[in-house]
Amino acid sequence: MAQQQSTTKAPAEQAVGAGSVFLSFAPWIIFGVVASPSTWEYAALAALVAAIVLSGKDMLRGRLRVLDMAGIVFFAVLSILALALDRGQLIWLETYAQVISNGLVAVVALGSLLVDPFTAQYARESTPREYWHSPVFVHINRVLTAAWGLVFVLMTVSTWLAIRFPSQDDWFNWVVPVVLLVWAIRFTNSYPESYKARVT
């Protein structure tokens, strides 16, 4: 019985830290803040540098998280397109760059639920190996991953609405995404403890 209780408690207490997850989102956030029709090339380069720097230690160890890999590939492709194509060929990318980046994060996050919830990659760094497959650990990380995926789905819709309704672009490009990100961080910090309280 004692062993069963410890299996329930430990993963819930050490599920994942919002700070560590947020670092992997930092390049995407940098791109979202800097990107505009006239600056998306610089935003892509800045986000690529940030993605490489923030995942540098992991790369040296031969270990990369799915969100970091997606960021490096995506921003590298954008940077190459900016160099290889002329401005006239990139109008669609200038217009929809933020929508595409938010949508890609949503796809990566929600897609990871089919294999390995991406937040679990962070949680394992602070959770003993014997708890990695416990029902509590798995449940918490599936919920957190789904929450971040949903947030980026809503951010994708919001940035698309900013294009459709330019008079409201401050709300859709800034206010709504910031509110969603703040909620996601708070939820990541609070959910493991609240779930633990329900199951123990």
# chains A, B, ... in the order shown; residues from 1 in each chain; ligands from 1
call {"tool": "closest_atom_pairs", "arguments": {"of": "segment 19-46 of chain A", "to": "segment 94-118 of chain A", "cutoff": "8 Å", "atoms": "only C-alpha atoms", "output": "tab-separated table"}}
result
residue	atom	partner	partner_atom	distance
A:Trp28	CA	A:Ser101	CA	7.1
A:Phe31	CA	A:Gln98	CA	7.6
A:Gly32	CA	A:Gln98	CA	5.8
A:Ala35	CA	A:Gln98	CA	7.0
A:Ser36	CA	A:Glu94	CA	6.9
A:Pro37	CA	A:Glu94	CA	4.7
A:Ser38	CA	A:Glu94	CA	7.5
A:Trp40	CA	A:Glu94	CA	6.6
call {"tool": "closest_residue", "arguments": {"among": "A:Ala147, A:Ala51, A:Ala82, A:Ala123", "to": "Ala184 of chain A", "atoms": "only C-alpha atoms"}}
result
A:Ala147
call {"tool": "closest_residue", "arguments": {"among": "A:Ala46, A:Ala120, A:Ala84, A:Val34", "to": "Trp174 of chain A", "atoms": "only C-alpha atoms"}}
result
A:Val34
call {"tool": "select_by_dssp", "arguments": {"residues": "segment 46-171 of chain A", "states": "helix (DSSP H, G or I)", "output": "PyMOL selection string"}}
result
chain A and resi 46-54+56-60+66-84+87-112+118-126+129-131+135-164+166-171
call {"tool": "closest_residue", "arguments": {"among": "A:Leu81, A:Leu90, A:Val151, A:Leu144", "to": "Asn189 of chain A", "atoms": "only C-alpha atoms"}}
result
A:Leu144
call {"tool": "closest_residue", "arguments": {"among": "A:Ile52, A:Ile140, A:Ala47, A:Ile163", "to": "Val33 of chain A", "atoms": "only C-alpha atoms"}}
result
A:Ala47
call {"tool": "residues_around", "arguments": {"residues": "Gln121 of chain A", "least_positions_apart": "4", "cutoff": "10 Å", "atoms": "only C-alpha atoms", "output": "PyMOL selection string"}}
result
chain A and resi 16+21+64-67+116-117+125-126+141
call {"tool": "write_last_selection", "arguments": {"atoms": "N, CA and C atoms", "output": "PDB file, in the first residue's frame"}}
result
ATOM      1  N   VAL A  16       5.897  18.593 -13.950  1.00  0.00           N
ATOM      2  CA  VAL A  16       6.586  19.440 -14.923  1.00  0.00           C
ATOM      3  C   VAL A  16       6.583  20.858 -14.398  1.00  0.00           C
ATOM      4  N   VAL A  21       9.127  24.418 -19.511  1.00  0.00           N
ATOM      5  CA  VAL A  21       8.321  24.354 -20.728  1.00  0.00           C
ATOM      6  C   VAL A  21       8.353  25.686 -21.454  1.00  0.00           C
ATOM      7  N   LEU A  64      17.355  15.918 -27.926  1.00  0.00           N
ATOM      8  CA  LEU A  64      16.541  17.071 -28.283  1.00  0.00           C
ATOM      9  C   LEU A  64      15.075  16.775 -28.010  1.00  0.00           C
ATOM     10  N   ARG A  65      14.379  17.743 -27.478  1.00  0.00           N
ATOM     11  CA  ARG A  65      12.943  17.604 -27.257  1.00  0.00           C
ATOM     12  C   ARG A  65      12.211  17.918 -28.556  1.00  0.00           C
ATOM     13  N   VAL A  66      11.005  17.359 -28.694  1.00  0.00           N
ATOM     14  CA  VAL A  66      10.264  17.486 -29.947  1.00  0.00           C
ATOM     15  C   VAL A  66       9.967  18.946 -30.283  1.00  0.00           C
ATOM     16  N   LEU A  67       9.629  19.763 -29.276  1.00  0.00           N
ATOM     17  CA  LEU A  67       9.311  21.160 -29.542  1.00  0.00           C
ATOM     18  C   LEU A  67      10.552  21.936 -29.973  1.00  0.00           C
ATOM     19  N   ASP A 116       4.102  10.475 -27.240  1.00  0.00           N
ATOM     20  CA  ASP A 116       4.652  10.805 -25.924  1.00  0.00           C
ATOM     21  C   ASP A 116       4.348  12.273 -25.654  1.00  0.00           C
ATOM     22  N   PRO A 117       3.448  12.592 -24.718  1.00  0.00           N
ATOM     23  CA  PRO A 117       3.107  13.992 -24.443  1.00  0.00           C
ATOM     24  C   PRO A 117       4.363  14.831 -24.229  1.00  0.00           C
ATOM     25  N   GLU A 125      12.898  14.890 -16.277  1.00  0.00           N
ATOM     26  CA  GLU A 125      14.162  15.411 -15.783  1.00  0.00           C
ATOM     27  C   GLU A 125      14.164  15.586 -14.267  1.00  0.00           C
ATOM     28  N   SER A 126      12.972  15.694 -13.667  1.00  0.00           N
ATOM     29  CA  SER A 126      12.892  15.894 -12.221  1.00  0.00           C
ATOM     30  C   SER A 126      12.078  14.812 -11.521  1.00  0.00           C
ATOM     31  N   ASN A 141       0.560  14.680 -17.496  1.00  0.00           N
ATOM     32  CA  ASN A 141       1.251  15.200 -18.670  1.00  0.00           C
ATOM     33  C   ASN A 141       0.386  15.174 -19.923  1.00  0.00           C
TER      34      ASN A 141
END
call {"tool": "residues_around", "arguments": {"residues": "His139 of chain A", "least_positions_apart": "4", "cutoff": "12 Å", "atoms": "only C-alpha atoms", "output": "ChimeraX atom specification"}}
result
/A:8,11-12,15,113,116-117,119-120,131-135,143-146,191-192,195-196,199
call {"tool": "atom_distance", "arguments": {"atom1": "atom CA of Ala70 of chain A", "atom2": "atom CA of Val153 of chain A"}}
result
16.4 Å
call {"tool": "closest_residue", "arguments": {"among": "A:Thr200, A:Asp68, A:Gln89, A:Val136", "to": "Val49 of chain A", "atoms": "only C-alpha atoms"}}
result
A:Asp68
call {"tool": "residues_around", "arguments": {"residues": "Val178 of chain A", "least_positions_apart": "3", "cutoff": "12 Å", "atoms": "only C-alpha atoms", "output": "VMD selection string"}}
result
chain A and resid 29 32 to 33 151 to 152 154 to 155 158 to 159 170 to 175 181 to 185
call {"tool": "write_last_selection", "arguments": {"atoms": "C-alpha atoms", "output": "mmCIF file, in the first residue's frame"}}
result
data_model
loop_
_atom_site.group_PDB
_atom_site.id
_atom_site.type_symbol
_atom_site.label_atom_id
_atom_site.label_comp_id
_atom_site.auth_asym_id
_atom_site.auth_seq_id
_atom_site.Cartn_x
_atom_site.Cartn_y
_atom_site.Cartn_z
ATOM 1 C CA ILE A 29 7.074 33.712 -28.672
ATOM 2 C CA GLY A 32 5.295 36.055 -32.626
ATOM 3 C CA VAL A 33 6.380 39.319 -31.006
ATOM 4 C CA VAL A 151 -3.886 27.346 -26.195
ATOM 5 C CA PHE A 152 -1.945 27.390 -29.457
ATOM 6 C CA LEU A 154 -6.784 29.395 -30.007
ATOM 7 C CA MET A 155 -3.731 31.564 -30.724
ATOM 8 C CA SER A 158 -6.702 34.699 -32.924
ATOM 9 C CA THR A 159 -3.801 35.658 -35.203
ATOM 10 C CA ASP A 170 -3.978 44.692 -31.229
ATOM 11 C CA TRP A 171 -6.530 42.536 -29.467
ATOM 12 C CA PHE A 172 -6.035 39.451 -31.616
ATOM 13 C CA ASN A 173 -2.248 39.704 -31.990
ATOM 14 C CA TRP A 174 -1.386 40.789 -28.455
ATOM 15 C CA VAL A 175 -4.102 40.782 -25.800
ATOM 16 C CA LEU A 181 -0.136 32.146 -22.336
ATOM 17 C CA VAL A 182 -0.563 33.471 -18.797
ATOM 18 C CA TRP A 183 -3.421 31.013 -18.257
ATOM 19 C CA ALA A 184 -1.329 28.116 -19.602
ATOM 20 C CA ILE A 185 1.574 28.922 -17.284
#
